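Have a look at structure.csv; it's CSV, C-alpha atoms:
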chain,number,residue,atom,x,y,z
X,23,MET,CA,-34.6,-0.2,-9.7
X,24,ALA,CA,-34.3,-3.7,-11.1
X,25,ILE,CA,-32.3,-4.4,-14.2
X,26,THR,CA,-33.5,-6.5,-17.1
X,27,GLN,CA,-31.6,-9.2,-18.9
X,28,SER,CA,-30.8,-6.8,-21.7
X,29,ASP,CA,-29.1,-4.5,-19.2
X,30,VAL,CA,-26.6,-7.2,-18.1
X,31,VAL,CA,-23.0,-6.5,-19.1
X,32,TYR,CA,-21.4,-9.5,-17.3
X,33,THR,CA,-22.6,-12.7,-15.6
X,34,ALA,CA,-20.6,-14.7,-13.2
X,35,VAL,CA,-21.2,-18.4,-13.2
X,36,ALA,CA,-20.3,-20.6,-10.3
X,37,THR,CA,-21.2,-24.2,-9.6
X,38,ALA,CA,-21.3,-25.9,-6.2
X,39,GLU,CA,-20.9,-29.6,-5.5
X,40,ASN,CA,-22.0,-31.1,-2.2
X,41,GLY,CA,-23.3,-27.7,-0.9
X,42,ARG,CA,-21.5,-26.3,2.2
X,43,ASP,CA,-19.2,-29.3,2.4
X,44,GLY,CA,-17.7,-29.7,-1.1
X,45,ARG,CA,-16.3,-27.5,-3.8
X,46,VAL,CA,-17.2,-24.3,-5.7
X,47,SER,CA,-15.8,-23.4,-9.0
X,48,THR,CA,-16.4,-20.8,-11.7
X,49,ASP,CA,-17.0,-21.7,-15.4
X,50,ASP,CA,-13.8,-19.8,-16.4
X,51,GLY,CA,-11.6,-21.8,-13.8
X,52,LYS,CA,-10.5,-18.6,-12.0
X,53,LEU,CA,-12.0,-19.8,-8.8
X,54,ASP,CA,-11.9,-23.3,-7.6
X,55,VAL,CA,-12.1,-23.8,-3.9
X,56,VAL,CA,-13.0,-26.4,-1.3
X,57,VAL,CA,-15.8,-25.3,1.0
X,58,ASN,CA,-16.4,-26.7,4.4
X,59,PRO,CA,-18.5,-25.5,7.3
X,60,PRO,CA,-16.4,-23.6,9.9
X,61,LYS,CA,-15.6,-25.3,13.2
X,62,GLU,CA,-18.2,-23.0,14.9
X,63,GLN,CA,-20.8,-24.8,12.8
X,64,GLY,CA,-19.5,-28.3,13.5
X,65,GLY,CA,-17.4,-28.6,10.3
X,66,SER,CA,-13.8,-29.2,9.7
X,67,GLY,CA,-13.0,-25.6,8.8
X,68,ALA,CA,-10.5,-27.0,6.3
X,69,GLY,CA,-11.7,-24.9,3.4
X,70,THR,CA,-13.4,-21.6,2.9
X,71,ASN,CA,-17.1,-21.2,3.4
X,72,PRO,CA,-20.0,-19.3,1.7
X,73,GLU,CA,-19.9,-16.5,4.3
X,74,GLN,CA,-16.2,-15.8,3.6
X,75,LEU,CA,-16.9,-15.8,-0.1
X,76,PHE,CA,-19.8,-13.4,0.4
X,77,ALA,CA,-17.6,-11.1,2.7
X,78,ALA,CA,-14.9,-11.1,0.0
X,79,GLY,CA,-17.4,-10.1,-2.7
X,80,TYR,CA,-19.2,-7.5,-0.6
X,81,SER,CA,-16.0,-5.8,0.6
X,82,ALA,CA,-14.6,-5.6,-3.0
X,83,CYS,CA,-17.9,-4.3,-4.4
X,84,PHE,CA,-18.3,-1.8,-1.6
X,85,GLN,CA,-14.7,-0.5,-2.1
X,86,GLY,CA,-15.6,0.0,-5.8
X,87,ALA,CA,-18.7,1.9,-4.8
X,88,LEU,CA,-16.7,4.0,-2.4
X,89,ALA,CA,-14.3,4.9,-5.2
X,90,VAL,CA,-17.2,6.0,-7.4
X,91,VAL,CA,-18.6,8.2,-4.7
X,92,ALA,CA,-15.2,9.6,-3.8
X,93,ARG,CA,-14.7,10.6,-7.5
X,94,GLN,CA,-18.1,12.3,-7.6
X,95,GLU,CA,-17.4,14.1,-4.3
X,96,GLY,CA,-13.8,15.0,-5.2
X,97,ALA,CA,-12.7,13.2,-2.1
X,98,ASP,CA,-9.3,11.5,-1.6
X,99,ILE,CA,-9.6,7.9,-0.4
X,100,THR,CA,-6.0,6.9,-1.0
X,101,GLY,CA,-4.9,4.0,1.1
X,102,SER,CA,-8.5,3.1,2.1
X,103,THR,CA,-9.7,-0.4,2.9
X,104,VAL,CA,-13.1,-1.9,3.4
X,105,THR,CA,-13.7,-4.9,5.6
X,106,ALA,CA,-16.9,-6.9,5.5
X,107,LYS,CA,-17.9,-9.2,8.4
X,108,VAL,CA,-20.6,-11.7,7.5
X,109,GLY,CA,-22.3,-13.5,10.4
X,110,ILE,CA,-24.6,-16.5,10.1
X,111,GLY,CA,-27.0,-17.5,12.8
X,112,LYS,CA,-30.4,-19.0,13.5
X,113,ASN,CA,-33.5,-16.9,13.1
X,114,ASP,CA,-37.3,-17.5,13.1
X,115,ASP,CA,-37.2,-19.4,9.7
X,116,GLY,CA,-33.9,-21.2,9.8
X,117,PHE,CA,-30.7,-19.3,9.3
X,118,GLY,CA,-30.0,-15.7,8.4
X,119,LEU,CA,-27.1,-13.4,7.7
X,120,ILE,CA,-25.9,-10.1,9.3
X,121,VAL,CA,-23.2,-7.9,7.9
X,122,GLU,CA,-20.9,-5.3,9.3
X,123,ILE,CA,-19.1,-3.0,6.8
X,124,SER,CA,-16.1,-1.1,8.2
X,125,ALA,CA,-14.1,1.3,6.1
X,126,ASN,CA,-10.7,2.8,6.9
X,127,ILE,CA,-10.1,6.0,5.0
X,128,PRO,CA,-6.9,7.5,6.4
X,129,SER,CA,-7.0,10.5,4.1
X,130,ALA,CA,-10.4,11.7,5.3
X,131,ASP,CA,-11.7,13.0,8.6
X,132,ALA,CA,-14.3,10.9,10.5
X,133,ALA,CA,-17.3,13.0,9.3
X,134,THR,CA,-16.2,12.9,5.7
X,135,ALA,CA,-15.5,9.2,5.8
X,136,GLN,CA,-18.9,8.4,7.4
X,137,ALA,CA,-20.6,10.5,4.7
X,138,LEU,CA,-18.7,8.7,2.0
X,139,ILE,CA,-19.6,5.2,3.2
X,140,GLU,CA,-23.2,6.1,3.6
X,141,LYS,CA,-23.3,7.3,0.0
X,142,ALA,CA,-21.4,4.2,-1.1
X,143,HIS,CA,-24.0,2.0,0.7
X,144,GLN,CA,-26.7,3.6,-1.5
X,145,VAL,CA,-24.9,2.7,-4.8
X,146,CYS,CA,-23.2,-0.6,-4.0
X,147,PRO,CA,-25.0,-3.4,-5.9
X,148,TYR,CA,-24.5,-5.8,-2.9
X,149,SER,CA,-26.0,-3.2,-0.6
X,150,LYS,CA,-28.9,-2.8,-2.9
X,151,ALA,CA,-29.4,-6.5,-3.0
X,152,THR,CA,-29.4,-7.0,0.7
X,153,ARG,CA,-31.3,-3.8,1.6
X,154,GLY,CA,-34.5,-4.8,3.6
X,155,ASN,CA,-33.4,-8.4,3.7
X,156,ILE,CA,-30.6,-8.5,6.3
X,157,THR,CA,-29.1,-6.1,8.8
X,158,VAL,CA,-26.1,-4.2,7.4
X,159,THR,CA,-24.2,-1.8,9.7
X,160,LEU,CA,-21.6,0.7,8.6
X,161,SER,CA,-18.7,2.1,10.5
X,162,VAL,CA,-15.4,4.0,10.0

Is it possible to give me this structure as C-alpha cells?
Amino acid sequence: MAITQSDVVYTAVATAENGRDGRVSTDDGKLDVVVNPPKEQGGSGAGTNPEQLFAAGYSACFQGALAVVARQEGADITGSTVTAKVGIGKNDDGFGLIVEISANIPSADAATAQALIEKAHQVCPYSKATRGNITVTLSV
C-alpha cells in the first residue's frame, strides 16, 4: 500500500554531483562521499559507488525489519547480522540490479531464522520498494 505525502515522518535528501563519478552528500552534512565506478566497470574504484550505498541502506533497513518481526514473534535475534549484496549488470533495457540478502541469526535454528527473514522481507520498506522490480533472494 502506497503512502501519501501526509504520511511521511522523515525525508532523506541527498544530492549527487557528476553522477557515478563525482560526489554525493546529504543536506544535513552527515554523509559526504566521493563516488566512482568500481574497477569492474572501468572506473578507478577510488570512492564508494551507488551499489555499495544501496547495499548499506538495504541491509540496515532489513535488520530493522528483522528486529520488528522478532519482537512480534517473541524470537531472540541477539548477535544477528544482515548482509546485502547488490549486483549490477546489463539487461534487455540497459542495466539492472540483483540483490542477495543473507542473515546470520546465531540464536535461532535454521528453520526459525528462515521464517523470520521471510517475514522481515514482507515488512521491510526496501523489500516492498524492490518487489516485482528486481530479483531479491534470501538466505540464512

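Shortest atom-to-atom contact with Gly101 in chain X among X:Ser149, X:Ser129, X:Ser124, X:Gln85: X:Ser129, counting all atoms listed in the file.
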
Report as a tab-separated table: every residue of range 59-111 of chain X with an atom at most 12 Å from range 34-42 of chain X, its closest pair of atoms, and their distance in Å to one decimal, counting only C-alpha atoms, with rows sorted by chain and ascending residue number.
residue	atom	partner	partner_atom	distance
X:Pro59	CA	X:Arg42	CA	6.0
X:Pro60	CA	X:Arg42	CA	9.6
X:Gln63	CA	X:Arg42	CA	10.7
X:Gly64	CA	X:Arg42	CA	11.6
X:Gly65	CA	X:Arg42	CA	9.4
X:Ser66	CA	X:Arg42	CA	11.1
X:Gly67	CA	X:Arg42	CA	10.8
X:Ala68	CA	X:Arg42	CA	11.8
X:Gly69	CA	X:Arg42	CA	10.0
X:Thr70	CA	X:Arg42	CA	9.4
X:Asn71	CA	X:Arg42	CA	6.8
X:Pro72	CA	X:Arg42	CA	7.2
X:Glu73	CA	X:Arg42	CA	10.1
X:Gln74	CA	X:Arg42	CA	11.8
X:Leu75	CA	X:Arg42	CA	11.7
X:Gly79	CA	X:Ala34	CA	11.9

Go through range 53-118 of chain X and flag each residue having an atom no more than 10 Å from range 152-159 of chain X; for those, report the closest pair of atoms plus their distance in Å to one decimal, using all atoms listed in the file, ordered by chain and rising number, as a Markdown table.
| residue | atom | partner | partner_atom | distance |
| --- | --- | --- | --- | --- |
| X:Ala106 | CA | X:Val158 | CA | 9.8 |
| X:Lys107 | CA | X:Val158 | CA | 9.7 |
| X:Val108 | CA | X:Val158 | CA | 9.3 |
| X:Gly118 | CA | X:Ile156 | CA | 7.5 |

Handout entry: Interatomic distance, CA of Ala82 in chain X to CA of Asp50 in chain X (Å, one decimal)
Key = 19.5 Å

Handout entry: Shell of 12 Å around Gly86 in chain X, all atoms listed in the file, local chain residues under 2 positions omitted, as a PyMOL selection string
Key = chain X and resi 79-84+88-93+99+102-104+139+142-143+145-148

Fill in the blank from the handout: Computed gap from CA of Thr100 in chain X to CA of Ala135 in chain X is 11.9 Å

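Distance-wise, CA of Gln136 in chain X and CA of Val162 in chain X end up 6.2 Å apart.
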
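Ranking X:Gln94, X:Thr26, X:Gln144, X:Ser161 by their shortest atom-to-atom distance to Val121 in chain X, with all atoms listed in the file included, puts X:Ser161 first.
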
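Residue nearest Ala77 in chain X within the list X:Gly116, X:Thr105, X:Ser28, X:Asn126: X:Thr105 [criterion: smallest interatomic distance, only C-alpha atoms].
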